[in-house]
Amino acid sequence: MFNEAGGAPGLIEEIANALGATAHEIIAVDDHSTDGTSEALLAARARVPQLRVLAHGRNAGQSRAIRTGVLAARARIVATLDGDGQNDPADLPSLVDRLTRADAPKTLAMVGGERRKRRDSAAKRLASRIANRVRRSLLKDGAIDTGCGLKVFYREAFLRLPAFDHMHRYLPALMAREGFLVEFSPVNHRPRLYGRSKYTNLGRLAVAVRDLAGVMWLIDRSRSPNGISEL
């Protein structure tokens, strides 16, 4: 979360209600907010004792915040969602169920959400549609909405991935690079009620070409052992 004090307490309670009696912890990462987000989260912890609040010493971005949370997580399965409240916590149980179903492929490591009805501006939707099409054609990752923050994956699989800024936009391709299978499932998307977006179309475009080139290089330079067995 970065400057999400207005919506933070409500989102934490929504996550707790969505997971119900399922054993879980909630990790909120405050990416050096300046609006009292940490204080709002600490107040929410009084009502949601399974909440853990981590705070960055300086603003490090969404990918670093996700990695901070995954490193701190104590469970085998990790679910991520954006701190702005637009991802619906009610979708979490179905994504977890899909990842852990009895007949899941052995290499299935992540289930990503696909926002079928984006509640964003027309300009933002158009920019994302173009970016996803370009990325999918170059990386062959099969993702039509890699920007959706709602994802469920095995912690061990995530920690095998190379870490870099903006990596959260390329998780399907990076998972495939490690030999893992990724599936996708439709999820709800909600309008932002508090705060404002930290991304702009021009800002994302400025780094997209470099990021794409870097991920393509990583994929090109990877070598698969085609399975590992202990003899």
# chains A, B, ... in the order shown; residues from 1 in each chain; ligands from 1
call {"tool": "residues_around", "arguments": {"residues": "range 217-230 of chain A", "least_positions_apart": "6", "cutoff": "12 Å", "atoms": "only C-alpha atoms", "output": "compact mmCIF listing (two decimals) with N, CA and C atoms, in the first residue's frame"}}
result
# COMPACT_ATOMS: atom_id res chain seq x y z
N LYS A 106 0.55 -31.22 -12.20
CA LYS A 106 1.63 -31.22 -11.21
C LYS A 106 2.46 -29.95 -11.24
N THR A 107 2.57 -29.34 -12.40
CA THR A 107 3.42 -28.15 -12.51
C THR A 107 2.65 -26.84 -12.32
N LEU A 138 4.85 -11.09 -27.76
CA LEU A 138 6.30 -11.20 -27.65
C LEU A 138 6.72 -12.29 -26.66
N LEU A 139 5.99 -12.43 -25.56
CA LEU A 139 6.40 -13.36 -24.51
C LEU A 139 5.68 -14.70 -24.57
N LYS A 140 4.58 -14.78 -25.32
CA LYS A 140 3.83 -16.04 -25.46
C LYS A 140 3.42 -16.60 -24.10
N ASP A 141 2.95 -15.71 -23.20
CA ASP A 141 2.62 -16.18 -21.85
C ASP A 141 1.14 -16.50 -21.67
N LEU A 161 11.90 -17.04 -8.92
CA LEU A 161 11.88 -16.10 -10.03
C LEU A 161 12.94 -15.01 -9.83
N PRO A 162 13.50 -14.49 -10.94
CA PRO A 162 14.40 -13.36 -10.82
C PRO A 162 13.63 -12.13 -10.34
N ALA A 163 14.24 -11.38 -9.43
CA ALA A 163 13.57 -10.21 -8.86
C ALA A 163 14.10 -8.93 -9.49
N PHE A 164 13.17 -8.07 -9.93
CA PHE A 164 13.54 -6.78 -10.49
C PHE A 164 12.32 -5.87 -10.43
N MET A 167 8.59 -6.48 -11.93
CA MET A 167 8.45 -7.91 -12.24
C MET A 167 7.01 -8.39 -12.07
N TYR A 170 5.01 -9.32 -15.06
CA TYR A 170 5.49 -10.39 -15.94
C TYR A 170 5.50 -11.75 -15.25
N PRO A 172 3.37 -14.32 -15.16
CA PRO A 172 3.07 -15.51 -15.98
C PRO A 172 4.26 -15.95 -16.83
N ALA A 173 4.92 -15.00 -17.49
CA ALA A 173 6.08 -15.34 -18.33
C ALA A 173 7.24 -15.85 -17.49
N LEU A 174 7.46 -15.25 -16.33
CA LEU A 174 8.56 -15.68 -15.47
C LEU A 174 8.30 -17.06 -14.88
N MET A 175 7.05 -17.34 -14.54
CA MET A 175 6.70 -18.68 -14.05
C MET A 175 6.94 -19.72 -15.15
N ALA A 176 6.51 -19.41 -16.37
CA ALA A 176 6.71 -20.34 -17.49
C ALA A 176 8.19 -20.57 -17.73
N ARG A 177 9.00 -19.54 -17.56
CA ARG A 177 10.45 -19.66 -17.75
C ARG A 177 11.04 -20.71 -16.81
N GLU A 178 10.46 -20.84 -15.62
CA GLU A 178 10.94 -21.82 -14.64
C GLU A 178 10.29 -23.19 -14.81
N GLY A 179 9.46 -23.33 -15.84
CA GLY A 179 8.83 -24.62 -16.10
C GLY A 179 7.50 -24.83 -15.40
N PHE A 180 6.94 -23.77 -14.84
CA PHE A 180 5.67 -23.86 -14.14
C PHE A 180 4.50 -23.55 -15.08
N ARG A 210 11.86 -1.20 -22.10
CA ARG A 210 13.05 -1.72 -21.43
C ARG A 210 12.72 -3.01 -20.67
N ASP A 211 11.58 -3.01 -19.96
CA ASP A 211 11.20 -4.20 -19.21
C ASP A 211 10.96 -5.39 -20.13
call {"tool": "closest_atom_pairs", "arguments": {"of": "range 32-87 of chain A", "to": "range 145-148 of chain A", "cutoff": "9 Å", "atoms": "only C-alpha atoms", "output": "Markdown table"}}
result
| residue | atom | partner | partner_atom | distance |
| --- | --- | --- | --- | --- |
| A:Leu81 | CA | A:Cys148 | CA | 8.2 |
| A:Asp82 | CA | A:Cys148 | CA | 8.4 |
| A:Asn87 | CA | A:Cys148 | CA | 8.0 |
call {"tool": "select_by_dssp", "arguments": {"residues": "range 115-211 of chain A", "states": "alpha helix (DSSP H)", "output": "mmCIF file with N, CA and C atoms, in the first residue's frame"}}
result
data_model
loop_
_atom_site.group_PDB
_atom_site.id
_atom_site.type_symbol
_atom_site.label_atom_id
_atom_site.label_comp_id
_atom_site.auth_asym_id
_atom_site.auth_seq_id
_atom_site.Cartn_x
_atom_site.Cartn_y
_atom_site.Cartn_z
ATOM 1 N N ALA A 122 -11.591 4.956 -19.618
ATOM 2 C CA ALA A 122 -11.481 4.397 -20.969
ATOM 3 C C ALA A 122 -10.040 4.450 -21.468
ATOM 4 N N ALA A 123 -9.326 5.525 -21.152
ATOM 5 C CA ALA A 123 -7.938 5.656 -21.595
ATOM 6 C C ALA A 123 -7.060 4.585 -20.961
ATOM 7 N N LYS A 124 -7.300 4.312 -19.694
ATOM 8 C CA LYS A 124 -6.498 3.305 -19.005
ATOM 9 C C LYS A 124 -6.804 1.913 -19.533
ATOM 10 N N ARG A 125 -8.076 1.640 -19.806
ATOM 11 C CA ARG A 125 -8.450 0.326 -20.348
ATOM 12 C C ARG A 125 -7.831 0.117 -21.724
ATOM 13 N N LEU A 126 -7.871 1.156 -22.563
ATOM 14 C CA LEU A 126 -7.308 1.045 -23.904
ATOM 15 C C LEU A 126 -5.800 0.815 -23.842
ATOM 16 N N ALA A 127 -5.109 1.564 -23.000
ATOM 17 C CA ALA A 127 -3.661 1.414 -22.880
ATOM 18 C C ALA A 127 -3.298 0.012 -22.393
ATOM 19 N N SER A 128 -4.058 -0.507 -21.440
ATOM 20 C CA SER A 128 -3.785 -1.847 -20.932
ATOM 21 C C SER A 128 -4.044 -2.911 -21.987
ATOM 22 N N ARG A 129 -5.101 -2.729 -22.776
ATOM 23 C CA ARG A 129 -5.420 -3.691 -23.818
ATOM 24 C C ARG A 129 -4.306 -3.759 -24.851
ATOM 25 N N ILE A 130 -3.792 -2.602 -25.249
ATOM 26 C CA ILE A 130 -2.702 -2.575 -26.224
ATOM 27 C C ILE A 130 -1.440 -3.188 -25.628
ATOM 28 N N ALA A 131 -1.113 -2.799 -24.397
ATOM 29 C CA ALA A 131 0.098 -3.306 -23.747
ATOM 30 C C ALA A 131 0.040 -4.817 -23.570
ATOM 31 N N ASN A 132 -1.114 -5.326 -23.163
ATOM 32 C CA ASN A 132 -1.256 -6.771 -22.982
ATOM 33 C C ASN A 132 -1.113 -7.515 -24.307
ATOM 34 N N ARG A 133 -1.648 -6.943 -25.363
ATOM 35 C CA ARG A 133 -1.557 -7.598 -26.671
ATOM 36 C C ARG A 133 -0.097 -7.663 -27.150
ATOM 37 N N VAL A 134 0.622 -6.560 -26.988
ATOM 38 C CA VAL A 134 2.028 -6.532 -27.388
ATOM 39 C C VAL A 134 2.839 -7.508 -26.534
ATOM 40 N N ARG A 135 2.635 -7.448 -25.234
ATOM 41 C CA ARG A 135 3.381 -8.326 -24.339
ATOM 42 C C ARG A 135 3.114 -9.801 -24.628
ATOM 43 N N ARG A 136 1.834 -10.132 -24.843
ATOM 44 C CA ARG A 136 1.459 -11.531 -25.092
ATOM 45 C C ARG A 136 2.057 -12.039 -26.405
ATOM 46 N N SER A 137 2.111 -11.174 -27.415
ATOM 47 C CA SER A 137 2.665 -11.607 -28.702
ATOM 48 C C SER A 137 4.165 -11.832 -28.612
ATOM 49 N N LEU A 138 4.850 -11.086 -27.761
ATOM 50 C CA LEU A 138 6.296 -11.204 -27.645
ATOM 51 C C LEU A 138 6.723 -12.293 -26.665
ATOM 52 N N LEU A 139 5.989 -12.431 -25.564
ATOM 53 C CA LEU A 139 6.398 -13.358 -24.512
ATOM 54 C C LEU A 139 5.685 -14.702 -24.572
ATOM 55 N N ARG A 155 4.436 -20.167 -2.742
ATOM 56 C CA ARG A 155 5.527 -19.288 -2.317
ATOM 57 C C ARG A 155 6.871 -19.766 -2.868
ATOM 58 N N GLU A 156 7.117 -21.057 -2.822
ATOM 59 C CA GLU A 156 8.391 -21.590 -3.284
ATOM 60 C C GLU A 156 8.623 -21.268 -4.757
ATOM 61 N N ALA A 157 7.562 -21.363 -5.569
ATOM 62 C CA ALA A 157 7.694 -21.068 -6.997
ATOM 63 C C ALA A 157 8.048 -19.603 -7.211
ATOM 64 N N PHE A 158 7.386 -18.712 -6.493
ATOM 65 C CA PHE A 158 7.661 -17.285 -6.642
ATOM 66 C C PHE A 158 9.112 -16.966 -6.302
ATOM 67 N N LEU A 171 4.723 -11.900 -14.192
ATOM 68 C CA LEU A 171 4.753 -13.159 -13.447
ATOM 69 C C LEU A 171 4.381 -14.371 -14.295
ATOM 70 N N PRO A 172 3.370 -14.321 -15.165
ATOM 71 C CA PRO A 172 3.074 -15.514 -15.976
ATOM 72 C C PRO A 172 4.263 -15.953 -16.828
ATOM 73 N N ALA A 173 4.925 -15.000 -17.489
ATOM 74 C CA ALA A 173 6.080 -15.337 -18.328
ATOM 75 C C ALA A 173 7.243 -15.852 -17.492
ATOM 76 N N LEU A 174 7.457 -15.248 -16.329
ATOM 77 C CA LEU A 174 8.564 -15.680 -15.468
ATOM 78 C C LEU A 174 8.296 -17.060 -14.878
ATOM 79 N N MET A 175 7.046 -17.339 -14.541
ATOM 80 C CA MET A 175 6.698 -18.679 -14.052
ATOM 81 C C MET A 175 6.939 -19.715 -15.148
ATOM 82 N N ALA A 176 6.507 -19.408 -16.367
ATOM 83 C CA ALA A 176 6.712 -20.345 -17.487
ATOM 84 C C ALA A 176 8.192 -20.572 -17.730
ATOM 85 N N ARG A 177 9.001 -19.541 -17.562
ATOM 86 C CA ARG A 177 10.446 -19.656 -17.746
ATOM 87 C C ARG A 177 11.042 -20.706 -16.814
ATOM 88 N N ASN A 201 -0.465 6.323 -17.857
ATOM 89 C CA ASN A 201 -0.154 5.652 -19.121
ATOM 90 C C ASN A 201 1.249 5.997 -19.609
ATOM 91 N N LEU A 202 1.621 7.271 -19.523
ATOM 92 C CA LEU A 202 2.950 7.679 -19.978
ATOM 93 C C LEU A 202 4.041 7.099 -19.096
ATOM 94 N N GLY A 203 3.766 7.041 -17.793
ATOM 95 C CA GLY A 203 4.752 6.484 -16.877
ATOM 96 C C GLY A 203 5.013 5.016 -17.142
ATOM 97 N N ARG A 204 3.957 4.281 -17.409
ATOM 98 C CA ARG A 204 4.133 2.849 -17.698
ATOM 99 C C ARG A 204 4.822 2.635 -19.041
ATOM 100 N N LEU A 205 4.461 3.474 -20.019
ATOM 101 C CA LEU A 205 5.079 3.341 -21.337
ATOM 102 C C LEU A 205 6.587 3.590 -21.273
ATOM 103 N N ALA A 206 6.988 4.486 -20.389
ATOM 104 C CA ALA A 206 8.399 4.867 -20.308
ATOM 105 C C ALA A 206 9.299 3.700 -19.933
ATOM 106 N N VAL A 207 8.767 2.748 -19.190
ATOM 107 C CA VAL A 207 9.600 1.620 -18.755
ATOM 108 C C VAL A 207 9.237 0.310 -19.460
ATOM 109 N N ALA A 208 8.114 0.305 -20.184
ATOM 110 C CA ALA A 208 7.618 -0.949 -20.746
ATOM 111 C C ALA A 208 8.582 -1.551 -21.768
ATOM 112 N N VAL A 209 9.148 -0.724 -22.640
ATOM 113 C CA VAL A 209 10.039 -1.246 -23.675
ATOM 114 C C VAL A 209 11.271 -1.874 -23.049
ATOM 115 N N ARG A 210 11.862 -1.198 -22.097
ATOM 116 C CA ARG A 210 13.049 -1.721 -21.427
ATOM 117 C C ARG A 210 12.722 -3.007 -20.673
ATOM 118 N N ASP A 211 11.583 -3.014 -19.962
ATOM 119 C CA ASP A 211 11.197 -4.203 -19.206
ATOM 120 C C ASP A 211 10.959 -5.391 -20.132
#
call {"tool": "residues_around", "arguments": {"residues": "Ala109 in chain A", "least_positions_apart": "3", "cutoff": "6 Å", "atoms": "only C-alpha atoms", "output": "ChimeraX atom specification"}}
result
/A:153-154,180-181
call {"tool": "closest_residue", "arguments": {"among": "A:Ala75, A:Glu183, A:Ala18, A:Ile12", "to": "Ala104 in chain A", "atoms": "only C-alpha atoms"}}
result
A:Glu183
call {"tool": "closest_residue", "arguments": {"among": "A:Ala8, A:Ile26, A:Ala143, A:Ala72", "to": "Gly113 in chain A", "atoms": "only C-alpha atoms"}}
result
A:Ala143
call {"tool": "closest_residue", "arguments": {"among": "A:Leu95, A:Ala40, A:Ile15, A:Met1", "to": "Ala55 in chain A", "atoms": "only C-alpha atoms"}}
result
A:Met1
call {"tool": "decode", "arguments": {"residues": "range 82-220 of chain A", "atoms": "C-alpha atoms", "output": "PDB file, in the first residue's frame"}}
result
ATOM      1  CA  ASP A  82      -3.624  -4.466  -4.791  1.00  0.00           C
ATOM      2  CA  GLY A  83      -3.985  -2.144  -1.823  1.00  0.00           C
ATOM      3  CA  ASP A  84      -6.382   0.235  -3.572  1.00  0.00           C
ATOM      4  CA  GLY A  85      -9.483  -1.899  -2.976  1.00  0.00           C
ATOM      5  CA  GLN A  86     -10.248  -2.495  -6.649  1.00  0.00           C
ATOM      6  CA  ASN A  87      -9.497  -6.231  -6.408  1.00  0.00           C
ATOM      7  CA  ASP A  88     -12.371  -8.041  -4.699  1.00  0.00           C
ATOM      8  CA  PRO A  89     -11.271 -10.214  -1.735  1.00  0.00           C
ATOM      9  CA  ALA A  90     -14.379 -12.347  -2.282  1.00  0.00           C
ATOM     10  CA  ASP A  91     -12.555 -13.915  -5.267  1.00  0.00           C
ATOM     11  CA  LEU A  92      -9.709 -15.267  -3.118  1.00  0.00           C
ATOM     12  CA  PRO A  93     -11.276 -18.600  -2.057  1.00  0.00           C
ATOM     13  CA  SER A  94     -12.131 -19.652  -5.626  1.00  0.00           C
ATOM     14  CA  LEU A  95      -8.597 -18.913  -6.850  1.00  0.00           C
ATOM     15  CA  VAL A  96      -7.086 -20.903  -3.986  1.00  0.00           C
ATOM     16  CA  ASP A  97      -9.469 -23.783  -4.706  1.00  0.00           C
ATOM     17  CA  ARG A  98      -8.460 -23.817  -8.362  1.00  0.00           C
ATOM     18  CA  LEU A  99      -4.752 -23.861  -7.522  1.00  0.00           C
ATOM     19  CA  THR A 100      -5.096 -26.679  -4.979  1.00  0.00           C
ATOM     20  CA  ARG A 101      -7.759 -28.841  -6.650  1.00  0.00           C
ATOM     21  CA  ALA A 102      -7.126 -32.575  -6.605  1.00  0.00           C
ATOM     22  CA  ASP A 103      -6.769 -32.887 -10.386  1.00  0.00           C
ATOM     23  CA  ALA A 104      -4.516 -29.853 -10.863  1.00  0.00           C
ATOM     24  CA  PRO A 105      -1.520 -30.440 -13.169  1.00  0.00           C
ATOM     25  CA  LYS A 106       1.630 -31.221 -11.207  1.00  0.00           C
ATOM     26  CA  THR A 107       3.418 -28.150 -12.511  1.00  0.00           C
ATOM     27  CA  LEU A 108       0.572 -25.709 -11.806  1.00  0.00           C
ATOM     28  CA  ALA A 109       2.130 -22.955  -9.680  1.00  0.00           C
ATOM     29  CA  MET A 110      -0.112 -19.909 -10.115  1.00  0.00           C
ATOM     30  CA  VAL A 111      -3.676 -18.899 -10.870  1.00  0.00           C
ATOM     31  CA  GLY A 112      -4.000 -15.306 -12.037  1.00  0.00           C
ATOM     32  CA  GLY A 113      -7.129 -13.213 -12.031  1.00  0.00           C
ATOM     33  CA  GLU A 114      -8.517 -11.741 -15.246  1.00  0.00           C
ATOM     34  CA  ARG A 115     -10.619  -8.621 -14.854  1.00  0.00           C
ATOM     35  CA  ARG A 116     -13.488  -9.165 -17.266  1.00  0.00           C
ATOM     36  CA  LYS A 117     -15.130  -5.790 -16.559  1.00  0.00           C
ATOM     37  CA  ARG A 118     -12.528  -3.159 -15.769  1.00  0.00           C
ATOM     38  CA  ARG A 119     -13.744  -0.286 -13.606  1.00  0.00           C
ATOM     39  CA  ASP A 120     -11.112   2.158 -14.848  1.00  0.00           C
ATOM     40  CA  SER A 121     -11.112   5.081 -17.253  1.00  0.00           C
ATOM     41  CA  ALA A 122     -11.481   4.397 -20.969  1.00  0.00           C
ATOM     42  CA  ALA A 123      -7.938   5.656 -21.595  1.00  0.00           C
ATOM     43  CA  LYS A 124      -6.498   3.305 -19.005  1.00  0.00           C
ATOM     44  CA  ARG A 125      -8.450   0.326 -20.348  1.00  0.00           C
ATOM     45  CA  LEU A 126      -7.308   1.045 -23.904  1.00  0.00           C
ATOM     46  CA  ALA A 127      -3.661   1.414 -22.880  1.00  0.00           C
ATOM     47  CA  SER A 128      -3.785  -1.847 -20.932  1.00  0.00           C
ATOM     48  CA  ARG A 129      -5.420  -3.691 -23.818  1.00  0.00           C
ATOM     49  CA  ILE A 130      -2.702  -2.575 -26.224  1.00  0.00           C
ATOM     50  CA  ALA A 131       0.098  -3.306 -23.747  1.00  0.00           C
ATOM     51  CA  ASN A 132      -1.256  -6.771 -22.982  1.00  0.00           C
ATOM     52  CA  ARG A 133      -1.557  -7.598 -26.671  1.00  0.00           C
ATOM     53  CA  VAL A 134       2.028  -6.532 -27.388  1.00  0.00           C
ATOM     54  CA  ARG A 135       3.381  -8.326 -24.339  1.00  0.00           C
ATOM     55  CA  ARG A 136       1.459 -11.531 -25.092  1.00  0.00           C
ATOM     56  CA  SER A 137       2.665 -11.607 -28.702  1.00  0.00           C
ATOM     57  CA  LEU A 138       6.296 -11.204 -27.645  1.00  0.00           C
ATOM     58  CA  LEU A 139       6.398 -13.358 -24.512  1.00  0.00           C
ATOM     59  CA  LYS A 140       3.830 -16.036 -25.463  1.00  0.00           C
ATOM     60  CA  ASP A 141       2.617 -16.179 -21.850  1.00  0.00           C
ATOM     61  CA  GLY A 142      -1.091 -16.602 -22.631  1.00  0.00           C
ATOM     62  CA  ALA A 143      -2.103 -13.807 -20.254  1.00  0.00           C
ATOM     63  CA  ILE A 144      -4.740 -11.349 -21.378  1.00  0.00           C
ATOM     64  CA  ASP A 145      -4.590  -9.312 -18.141  1.00  0.00           C
ATOM     65  CA  THR A 146      -1.191  -9.639 -16.532  1.00  0.00           C
ATOM     66  CA  GLY A 147      -1.757  -6.347 -14.695  1.00  0.00           C
ATOM     67  CA  CYS A 148      -4.440  -7.804 -12.432  1.00  0.00           C
ATOM     68  CA  GLY A 149      -3.042  -7.722  -8.900  1.00  0.00           C
ATOM     69  CA  LEU A 150      -5.164 -10.655  -7.749  1.00  0.00           C
ATOM     70  CA  LYS A 151      -3.014 -13.778  -7.985  1.00  0.00           C
ATOM     71  CA  VAL A 152      -2.563 -16.984  -6.003  1.00  0.00           C
ATOM     72  CA  PHE A 153       0.669 -18.966  -6.172  1.00  0.00           C
ATOM     73  CA  TYR A 154       2.997 -21.276  -4.313  1.00  0.00           C
ATOM     74  CA  ARG A 155       5.527 -19.288  -2.317  1.00  0.00           C
ATOM     75  CA  GLU A 156       8.391 -21.590  -3.284  1.00  0.00           C
ATOM     76  CA  ALA A 157       7.694 -21.068  -6.997  1.00  0.00           C
ATOM     77  CA  PHE A 158       7.661 -17.285  -6.642  1.00  0.00           C
ATOM     78  CA  LEU A 159      10.981 -17.262  -4.814  1.00  0.00           C
ATOM     79  CA  ARG A 160      12.623 -19.053  -7.759  1.00  0.00           C
ATOM     80  CA  LEU A 161      11.885 -16.100 -10.032  1.00  0.00           C
ATOM     81  CA  PRO A 162      14.403 -13.357 -10.820  1.00  0.00           C
ATOM     82  CA  ALA A 163      13.569 -10.214  -8.857  1.00  0.00           C
ATOM     83  CA  PHE A 164      13.542  -6.778 -10.490  1.00  0.00           C
ATOM     84  CA  ASP A 165      11.436  -3.641 -10.506  1.00  0.00           C
ATOM     85  CA  HIS A 166       8.101  -4.111 -12.294  1.00  0.00           C
ATOM     86  CA  MET A 167       8.447  -7.906 -12.244  1.00  0.00           C
ATOM     87  CA  HIS A 168       4.852  -8.161 -10.976  1.00  0.00           C
ATOM     88  CA  ARG A 169       3.655  -7.382 -14.527  1.00  0.00           C
ATOM     89  CA  TYR A 170       5.493 -10.387 -15.942  1.00  0.00           C
ATOM     90  CA  LEU A 171       4.753 -13.159 -13.447  1.00  0.00           C
ATOM     91  CA  PRO A 172       3.074 -15.514 -15.976  1.00  0.00           C
ATOM     92  CA  ALA A 173       6.080 -15.337 -18.328  1.00  0.00           C
ATOM     93  CA  LEU A 174       8.564 -15.680 -15.468  1.00  0.00           C
ATOM     94  CA  MET A 175       6.698 -18.679 -14.052  1.00  0.00           C
ATOM     95  CA  ALA A 176       6.712 -20.345 -17.487  1.00  0.00           C
ATOM     96  CA  ARG A 177      10.446 -19.656 -17.746  1.00  0.00           C
ATOM     97  CA  GLU A 178      10.938 -21.817 -14.638  1.00  0.00           C
ATOM     98  CA  GLY A 179       8.828 -24.619 -16.104  1.00  0.00           C
ATOM     99  CA  PHE A 180       5.668 -23.863 -14.141  1.00  0.00           C
ATOM    100  CA  LEU A 181       2.128 -23.849 -15.484  1.00  0.00           C
ATOM    101  CA  VAL A 182      -0.118 -20.813 -15.004  1.00  0.00           C
ATOM    102  CA  GLU A 183      -3.905 -20.766 -15.278  1.00  0.00           C
ATOM    103  CA  PHE A 184      -6.292 -17.826 -15.313  1.00  0.00           C
ATOM    104  CA  SER A 185      -9.714 -17.237 -13.847  1.00  0.00           C
ATOM    105  CA  PRO A 186     -12.213 -14.356 -14.246  1.00  0.00           C
ATOM    106  CA  VAL A 187     -12.494 -12.054 -11.242  1.00  0.00           C
ATOM    107  CA  ASN A 188     -14.458  -9.006 -10.194  1.00  0.00           C
ATOM    108  CA  HIS A 189     -13.069  -5.490 -10.459  1.00  0.00           C
ATOM    109  CA  ARG A 190     -14.314  -2.516  -8.463  1.00  0.00           C
ATOM    110  CA  PRO A 191     -14.055   1.268  -8.805  1.00  0.00           C
ATOM    111  CA  ARG A 192     -11.500   3.049  -6.652  1.00  0.00           C
ATOM    112  CA  LEU A 193     -13.227   4.722  -3.698  1.00  0.00           C
ATOM    113  CA  TYR A 194     -10.234   6.247  -1.910  1.00  0.00           C
ATOM    114  CA  GLY A 195      -6.936   7.829  -2.912  1.00  0.00           C
ATOM    115  CA  ARG A 196      -5.656   7.959  -6.464  1.00  0.00           C
ATOM    116  CA  SER A 197      -3.782   5.729  -8.875  1.00  0.00           C
ATOM    117  CA  LYS A 198       0.014   5.709  -8.644  1.00  0.00           C
ATOM    118  CA  TYR A 199       0.390   4.837 -12.345  1.00  0.00           C
ATOM    119  CA  THR A 200      -0.082   6.859 -15.522  1.00  0.00           C
ATOM    120  CA  ASN A 201      -0.154   5.652 -19.121  1.00  0.00           C
ATOM    121  CA  LEU A 202       2.950   7.679 -19.978  1.00  0.00           C
ATOM    122  CA  GLY A 203       4.752   6.484 -16.877  1.00  0.00           C
ATOM    123  CA  ARG A 204       4.133   2.849 -17.698  1.00  0.00           C
ATOM    124  CA  LEU A 205       5.079   3.341 -21.337  1.00  0.00           C
ATOM    125  CA  ALA A 206       8.399   4.867 -20.308  1.00  0.00           C
ATOM    126  CA  VAL A 207       9.600   1.620 -18.755  1.00  0.00           C
ATOM    127  CA  ALA A 208       7.618  -0.949 -20.746  1.00  0.00           C
ATOM    128  CA  VAL A 209      10.039  -1.246 -23.675  1.00  0.00           C
ATOM    129  CA  ARG A 210      13.049  -1.721 -21.427  1.00  0.00           C
ATOM    130  CA  ASP A 211      11.197  -4.203 -19.206  1.00  0.00           C
ATOM    131  CA  LEU A 212       9.971  -6.233 -22.183  1.00  0.00           C
ATOM    132  CA  ALA A 213      13.466  -6.377 -23.635  1.00  0.00           C
ATOM    133  CA  GLY A 214      14.837  -7.517 -20.283  1.00  0.00           C
ATOM    134  CA  VAL A 215      12.258 -10.270 -19.819  1.00  0.00           C
ATOM    135  CA  MET A 216      12.778 -11.474 -23.391  1.00  0.00           C
ATOM    136  CA  TRP A 217      16.513 -11.668 -22.662  1.00  0.00           C
ATOM    137  CA  LEU A 218      15.872 -13.656 -19.477  1.00  0.00           C
ATOM    138  CA  ILE A 219      13.675 -16.112 -21.369  1.00  0.00           C
ATOM    139  CA  ASP A 220      16.160 -16.438 -24.222  1.00  0.00           C
TER     140      ASP A 220
END
